[in-house]
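Everything below belongs to structure19.txt, which stores compact mmCIF, C-alpha atoms and all ligand atoms.
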```
# COMPACT_ATOMS: atom_id res chain seq x y z
CA MET A 1 79.38 -34.62 0.96
CA LYS A 2 76.96 -34.12 3.81
CA LEU A 3 77.63 -35.54 7.28
CA ILE A 4 74.82 -36.63 9.59
CA GLU A 5 76.08 -37.50 13.07
CA ALA A 6 74.43 -40.27 15.05
CA ALA A 7 74.90 -40.99 18.75
CA ASN A 8 75.47 -44.72 18.25
CA TYR A 9 74.93 -47.73 15.97
CA GLU A 10 71.21 -47.87 16.72
CA GLU A 11 70.64 -44.24 15.76
CA MET A 12 72.83 -44.55 12.64
CA SER A 13 70.71 -47.53 11.56
CA GLU A 14 67.43 -45.68 12.17
CA LYS A 15 68.52 -42.60 10.24
CA ALA A 16 69.72 -44.70 7.31
CA ALA A 17 66.53 -46.76 7.26
CA ASP A 18 64.45 -43.53 7.24
CA ILE A 19 66.27 -42.37 4.10
CA ILE A 20 65.76 -45.72 2.35
CA ILE A 21 62.07 -45.87 3.31
CA SER A 22 61.50 -42.30 2.04
CA GLN A 23 63.21 -43.25 -1.24
CA VAL A 24 60.93 -46.28 -1.68
CA LYS A 25 57.81 -44.29 -0.81
CA GLU A 26 58.70 -41.51 -3.24
CA LYS A 27 59.63 -43.92 -6.03
CA PRO A 28 58.08 -47.38 -5.49
CA ASN A 29 60.09 -48.91 -8.35
CA SER A 30 63.42 -47.57 -7.06
CA VAL A 31 66.67 -49.34 -7.83
CA LEU A 32 68.43 -49.76 -4.48
CA GLY A 33 72.13 -50.59 -4.35
CA LEU A 34 72.73 -52.76 -1.28
CA ALA A 35 75.71 -53.83 0.80
CA THR A 36 76.43 -56.60 3.30
CA GLY A 37 78.60 -56.72 6.43
CA SER A 38 78.06 -55.85 10.08
CA THR A 39 77.28 -52.19 9.47
CA MET A 40 74.13 -53.01 7.49
CA LEU A 41 72.55 -55.47 9.92
CA GLY A 42 70.85 -52.76 11.99
CA VAL A 43 69.54 -50.99 8.89
CA TYR A 44 68.00 -54.18 7.52
CA LYS A 45 66.47 -54.91 10.93
CA GLN A 46 64.84 -51.47 10.85
CA LEU A 47 63.52 -52.00 7.31
CA VAL A 48 62.03 -55.37 8.27
CA GLU A 49 60.42 -53.89 11.39
CA ASP A 50 58.99 -50.98 9.41
CA HIS A 51 57.65 -53.36 6.74
CA ARG A 52 55.89 -55.39 9.46
CA GLN A 53 54.51 -52.42 11.35
CA ASN A 54 53.80 -49.89 8.62
CA GLY A 55 53.53 -52.08 5.54
CA THR A 56 56.12 -50.21 3.42
CA SER A 57 56.07 -52.23 0.22
CA TYR A 58 59.05 -53.36 -1.86
CA ARG A 59 56.93 -55.16 -4.47
CA ASN A 60 58.21 -52.97 -7.29
CA VAL A 61 61.70 -52.26 -5.95
CA ARG A 62 64.72 -53.72 -7.72
CA THR A 63 67.96 -54.28 -5.79
CA VAL A 64 71.54 -54.70 -6.94
CA ASN A 65 74.21 -55.75 -4.46
CA LEU A 66 77.72 -54.39 -4.51
CA ASP A 67 79.63 -57.63 -4.44
CA GLU A 68 79.88 -61.39 -4.03
CA TYR A 69 82.68 -63.82 -3.19
CA ILE A 70 83.98 -65.95 -6.03
CA GLY A 71 83.49 -69.66 -5.39
CA LEU A 72 80.62 -69.47 -2.91
CA SER A 73 77.25 -70.75 -4.12
CA PRO A 74 74.06 -68.81 -3.30
CA ASP A 75 73.15 -71.32 -0.57
CA HIS A 76 76.58 -71.15 1.11
CA PRO A 77 76.01 -69.52 4.52
CA ASN A 78 78.90 -67.09 3.90
CA SER A 79 77.76 -65.97 0.46
CA TYR A 80 76.35 -62.49 0.19
CA ARG A 81 73.24 -63.90 -1.53
CA TYR A 82 72.59 -65.99 1.58
CA TYR A 83 73.18 -62.96 3.83
CA MET A 84 70.72 -60.83 1.86
CA ASN A 85 68.00 -63.48 1.82
CA GLN A 86 68.52 -64.14 5.51
CA HIS A 87 68.61 -60.57 6.76
CA LEU A 88 66.29 -58.75 4.38
CA PHE A 89 64.66 -60.36 1.36
CA ALA A 90 62.94 -63.21 3.23
CA HIS A 91 61.22 -60.71 5.52
CA ILE A 92 59.88 -58.10 3.08
CA ASP A 93 57.58 -58.40 0.06
CA ILE A 94 60.22 -58.05 -2.69
CA PRO A 95 60.08 -60.83 -5.32
CA LEU A 96 63.48 -62.57 -5.27
CA SER A 97 63.54 -62.29 -9.07
CA GLN A 98 63.97 -58.52 -8.62
CA THR A 99 67.04 -58.90 -6.39
CA TYR A 100 70.38 -59.07 -8.16
CA ILE A 101 73.80 -60.09 -6.86
CA PRO A 102 76.87 -60.97 -8.95
CA ASN A 103 77.10 -64.70 -9.59
CA GLY A 104 80.26 -65.85 -7.82
CA THR A 105 80.01 -69.35 -9.27
CA SER A 106 79.90 -68.31 -12.93
CA ASP A 107 82.21 -70.33 -15.22
CA ASP A 108 83.32 -67.09 -16.81
CA VAL A 109 83.67 -64.45 -14.12
CA GLU A 110 84.90 -61.77 -16.55
CA ALA A 111 81.74 -62.19 -18.64
CA GLU A 112 79.71 -62.13 -15.43
CA CYS A 113 81.21 -58.72 -14.56
CA GLN A 114 80.18 -57.34 -17.95
CA ARG A 115 76.72 -58.86 -17.66
CA TYR A 116 76.27 -57.28 -14.21
CA GLU A 117 77.34 -53.86 -15.45
CA ARG A 118 74.86 -54.08 -18.34
CA LEU A 119 72.14 -55.28 -16.00
CA ILE A 120 72.51 -52.19 -13.80
CA GLU A 121 72.29 -49.99 -16.90
CA SER A 122 69.21 -51.85 -18.14
CA LEU A 123 67.49 -51.19 -14.80
CA GLY A 124 68.04 -47.48 -15.41
CA GLY A 125 70.93 -47.08 -12.96
CA ILE A 126 70.96 -46.98 -9.17
CA ASP A 127 68.73 -44.46 -7.38
CA LEU A 128 70.22 -44.94 -3.92
CA GLN A 129 73.42 -46.88 -3.19
CA ILE A 130 74.24 -47.81 0.41
CA LEU A 131 77.90 -48.30 1.30
CA GLY A 132 79.85 -49.47 4.30
CA ILE A 133 83.53 -48.60 4.54
CA GLY A 134 86.45 -50.97 5.09
CA ARG A 135 89.12 -50.28 7.70
CA ASN A 136 91.45 -49.60 4.75
CA GLY A 137 88.92 -47.21 3.19
CA HIS A 138 87.54 -49.66 0.64
CA ILE A 139 84.03 -49.34 -0.77
CA GLY A 140 82.50 -52.48 -2.19
CA PHE A 141 85.66 -54.56 -2.54
CA ASN A 142 87.56 -51.74 -4.25
CA GLU A 143 90.79 -51.93 -2.34
CA PRO A 144 93.35 -49.08 -2.00
CA GLY A 145 95.08 -48.41 -5.29
CA THR A 146 92.07 -49.33 -7.46
CA PRO A 147 91.67 -46.75 -10.26
CA PHE A 148 88.45 -44.74 -9.99
CA SER A 149 87.58 -45.50 -13.63
CA VAL A 150 87.07 -49.25 -13.24
CA PRO A 151 83.56 -50.79 -13.69
CA THR A 152 82.41 -54.13 -12.19
CA HIS A 153 85.47 -56.38 -11.98
CA VAL A 154 87.20 -59.32 -10.29
CA VAL A 155 89.36 -58.43 -7.27
CA GLU A 156 92.03 -60.22 -5.29
CA LEU A 157 91.13 -59.58 -1.67
CA THR A 158 93.95 -58.13 0.44
CA PRO A 159 95.09 -60.09 3.51
CA SER A 160 93.71 -57.28 5.72
CA THR A 161 90.24 -57.51 4.16
CA ARG A 162 90.28 -61.31 4.39
CA GLN A 163 91.33 -60.97 8.02
CA ALA A 164 88.57 -58.44 8.73
CA ASN A 165 85.97 -60.79 7.19
CA ALA A 166 87.38 -63.97 8.78
CA ARG A 167 85.04 -63.49 11.76
CA PHE A 168 82.17 -64.76 9.62
CA PHE A 169 84.02 -67.93 8.51
CA PRO A 170 85.08 -71.07 10.42
CA SER A 171 88.74 -70.08 9.88
CA PHE A 172 90.89 -67.52 8.03
CA GLU A 173 91.78 -70.18 5.40
CA ASP A 174 88.10 -70.49 4.50
CA VAL A 175 87.82 -66.82 3.43
CA PRO A 176 87.78 -66.67 -0.38
CA HIS A 177 90.70 -64.95 -2.13
CA GLN A 178 88.63 -63.29 -4.84
CA ALA A 179 85.35 -61.45 -5.27
CA ILE A 180 83.31 -59.72 -7.94
CA THR A 181 82.61 -56.10 -7.06
CA MET A 182 80.91 -53.13 -8.63
CA GLY A 183 83.75 -50.81 -9.55
CA ILE A 184 84.13 -47.28 -8.32
CA ALA A 185 82.93 -46.05 -11.73
CA THR A 186 79.75 -48.13 -11.28
CA ILE A 187 79.16 -46.83 -7.76
CA MET A 188 79.76 -43.21 -8.81
CA LYS A 189 76.96 -43.38 -11.38
CA SER A 190 74.42 -43.82 -8.55
CA ARG A 191 72.14 -40.82 -8.17
CA HIS A 192 72.42 -40.73 -4.36
CA ILE A 193 75.02 -42.48 -2.20
CA LEU A 194 74.64 -43.19 1.50
CA LEU A 195 77.83 -44.19 3.34
CA LEU A 196 77.50 -45.61 6.85
CA ALA A 197 80.19 -46.01 9.49
CA SER A 198 80.06 -47.20 13.07
CA GLY A 199 82.56 -48.06 15.76
CA THR A 200 86.11 -47.17 16.76
CA GLU A 201 87.67 -49.55 14.22
CA LYS A 202 86.49 -47.15 11.50
CA ALA A 203 87.70 -43.98 13.29
CA ALA A 204 91.13 -43.69 11.61
CA THR A 205 89.61 -44.24 8.15
CA MET A 206 86.88 -41.67 8.78
CA ALA A 207 89.53 -39.15 9.90
CA LYS A 208 91.36 -39.73 6.59
CA LEU A 209 88.11 -39.42 4.63
CA PHE A 210 87.23 -36.08 6.20
CA GLU A 211 90.71 -34.68 5.58
CA GLY A 212 89.16 -34.13 2.17
CA THR A 213 92.03 -35.29 -0.06
CA VAL A 214 90.86 -37.40 -3.00
CA THR A 215 93.26 -40.30 -3.42
CA THR A 216 93.12 -43.92 -4.58
CA ASP A 217 94.93 -44.76 -1.29
CA VAL A 218 91.54 -44.19 0.38
CA PRO A 219 88.97 -45.44 -2.16
CA ALA A 220 86.02 -43.84 -0.30
CA SER A 221 87.62 -40.41 -0.79
CA VAL A 222 86.36 -40.47 -4.40
CA LEU A 223 82.94 -39.70 -2.92
CA HIS A 224 84.08 -36.07 -2.43
CA THR A 225 83.72 -35.71 -6.20
CA HIS A 226 80.09 -36.98 -6.27
CA PRO A 227 77.33 -34.34 -6.09
CA ASN A 228 74.95 -36.22 -3.78
CA VAL A 229 76.59 -38.16 -0.95
CA THR A 230 75.26 -38.49 2.59
CA VAL A 231 77.49 -39.95 5.31
CA ILE A 232 75.84 -41.19 8.51
CA ALA A 233 78.38 -42.02 11.18
CA ASP A 234 78.23 -42.60 14.91
CA GLN A 235 80.32 -40.89 17.57
CA GLU A 236 82.82 -43.74 17.82
CA ALA A 237 83.48 -43.67 14.07
CA LEU A 238 83.84 -39.86 14.22
CA SER A 239 86.02 -39.82 17.33
CA LEU A 240 89.17 -38.82 15.38
CA VAL A 241 87.43 -36.30 13.08
CA PRO A 242 88.19 -32.77 14.31
CA ASP A 243 85.26 -30.52 15.28
CA GLU A 244 85.96 -28.02 12.49
CA LYS A 245 85.63 -30.77 9.87
CA ARG A 246 82.41 -32.00 11.46
CA LYS A 247 81.06 -28.44 11.19
CA VAL A 248 82.10 -28.03 7.54
CA TYR A 249 80.55 -31.32 6.43
CA GLY A 250 77.62 -31.13 8.86
CA LYS A 251 76.10 -28.10 7.11
C1 LIG B 1 79.97 -55.32 1.72
C2 LIG B 1 81.01 -54.43 1.21
C3 LIG B 1 82.12 -53.93 2.08
C4 LIG B 1 81.68 -53.56 3.49
C5 LIG B 1 82.87 -53.08 4.31
C6 LIG B 1 82.49 -52.82 5.75
O1 LIG B 1 79.04 -55.66 0.71
O2 LIG B 1 81.00 -54.14 0.06
O3 LIG B 1 82.71 -52.82 1.46
O4 LIG B 1 80.69 -52.58 3.44
O5 LIG B 1 83.88 -54.02 4.27
O6 LIG B 1 82.15 -54.04 6.37
P1 LIG B 1 81.53 -54.08 7.82
O7 LIG B 1 80.20 -53.42 7.75
O8 LIG B 1 81.39 -55.56 8.14
O9 LIG B 1 82.48 -53.37 8.72
```

So that I can check it, write out the structure of this file as structure tokens.
Amino acid sequence: MKLIEAANYEEMSEKAADIIISQVKEKPNSVLGLATGSTMLGVYKQLVEDHRQNGTSYRNVRTVNLDEYIGLSPDHPNSYRYYMNQHLFAHIDIPLSQTYIPNGTSDDVEAECQRYERLIESLGGIDLQILGIGRNGHIGFNEPGTPFSVPTHVVELTPSTRQANARFFPSFEDVPHQAITMGIATIMKSRHILLLASGTEKAATMAKLFEGTVTTDVPASVLHTHPNVTVIADQEALSLVPDEKRKVYGK
């Protein structure tokens, strides 16, 4: 795991966007694994700006998102499909038919999980997967306690995750109870993983992550066992990570 320190959210977003843009330039038909949430907004803004100014093309890129709420249709303003269209896809030249997100309104969500897993395989796997991190250490919607061996699956969202995401919904009651998420096994097959963290609310989790212990209590800690992980975090997110750890992982 390699740590890149950023001064603030803006710089974290720029550094992450640079890595994604380089990936797309090197391999124009890359498979990008994407995430939603507040952390990613700045990155997507940078990608859109770069596309406008420098013409980086996504015409041959394929994208697979980490997760989707169960019960929200693609045109629901809180669905992750809506978020992705709104913040990225509508502003770059990727054909929507090359953008994939689990279908949260499928009649058979278990079959949908299997279909999604096969789809990722049929695309040749994920070249670069971007991850945010939950305050409880989750990646995708893989909550603490999830075995590392699980592929794409249905999850019951914990009250803390529903609470954390309630800010996007009219009220806490409106936050769905379930989601489909790529499993940790799915995520770990990605060839390169980029984990982003910003802000003091992530500081305690980042301190746990950089302790270095691999445990299902902190799902993101599995990334220590992956050969190609880059973490970009700002100073607020790193505020509880001791200097010696920053040095070890910063090399
Ligand atoms: C989003 C996702 C989640 C978020 C995480 C952090 O697709 O899978 O794991 O990355 O909950 O969310 P934010 O960025 O809103 O703090």

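Of the listed residues A:Arg115, A:Thr146, A:Pro176, A:Pro159, the one whose atoms come nearest to A:Ser73 is A:Pro176, with distances taken using only C-alpha atoms.
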
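Put simply, atom C2 of ligand LIG 1 (chain B) is 24.7 Å away from atom CA of A:Arg246.
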
Original post:
Suppose you want the space between atom CA of A:His76 and atom CA of A:Arg167; what is it in Å?
Top reply: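 Spanning atom CA of A:His76 to atom CA of A:Arg167 is a straight-line distance of 15.6 Å.
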
Original post:
Using all atoms listed in the file, which of the listed residues (A:Gln98, A:Asn142, A:Ser149, A:Asn8) sits closest to ligand LIG 1 (chain B)?
Top reply: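 Under the stated criterion, the closest residue is A:Asn142.
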
Write out as CSV the residues of chain A that have any atom within 8 Å of an atom of ligand LIG 1 (chain B), one row each with the nearest atom pair and its distance in Å to one decimal, counting only C-alpha atoms and all ligand atoms, sorted by chain and then rising number.
```
residue,atom,partner,partner_atom,distance
A:Leu34,CA,B:LIG1,O1,7.2
A:Ala35,CA,B:LIG1,O1,3.8
A:Thr36,CA,B:LIG1,O1,3.8
A:Gly37,CA,B:LIG1,O8,3.5
A:Ser38,CA,B:LIG1,O8,3.9
A:Thr39,CA,B:LIG1,O7,3.6
A:Met40,CA,B:LIG1,O7,6.1
A:Asn65,CA,B:LIG1,O1,7.1
A:Leu66,CA,B:LIG1,O1,5.5
A:Asp67,CA,B:LIG1,O1,5.5
A:Glu68,CA,B:LIG1,O1,7.5
A:Tyr80,CA,B:LIG1,O1,7.4
A:Leu131,CA,B:LIG1,O4,5.5
A:Gly132,CA,B:LIG1,O4,3.3
A:Ile133,CA,B:LIG1,C6,4.5
A:Gly134,CA,B:LIG1,O5,4.1
A:Arg135,CA,B:LIG1,O5,7.3
A:His138,CA,B:LIG1,O3,5.8
A:Ile139,CA,B:LIG1,O3,4.3
A:Gly140,CA,B:LIG1,O2,3.2
A:Phe141,CA,B:LIG1,O3,5.3
A:Asn142,CA,B:LIG1,O3,7.6
A:Thr161,CA,B:LIG1,O5,7.3
A:Ala164,CA,B:LIG1,O8,7.8
A:Asn165,CA,B:LIG1,O8,7.0
A:Thr181,CA,B:LIG1,O2,7.6
A:Ala197,CA,B:LIG1,O7,7.6
A:Ser198,CA,B:LIG1,O9,7.9
A:Lys202,CA,B:LIG1,O9,7.9
```

Subject >> Contact residues around A:Ala220 with all atoms listed in the file at 12 Å, ignoring same-chain residues under 6 positions, as a PyMOL selection string >> reply: chain A and resi 1+131-148+183-184+187-188+193-197+205-214+226+229+231

Subject >> Interatomic distance, atom CA of A:Gln86 to atom CA of A:Met182 (Å, one decimal) >> reply: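 Distance between the two atoms: 21.8 Å.
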
Subject >> Closest of A:Tyr69, A:His51, A:His91, A:Leu32 to A:Arg162 - atom-to-atom distances counting all atoms listed in the file >> reply: A:Tyr69

Subject >> Of the listed residues A:Gln178, A:Thr200, A:Thr56, A:Gln129, that which approaches A:Thr230 most closely, counting all atoms listed in the file >> reply: A:Gln129
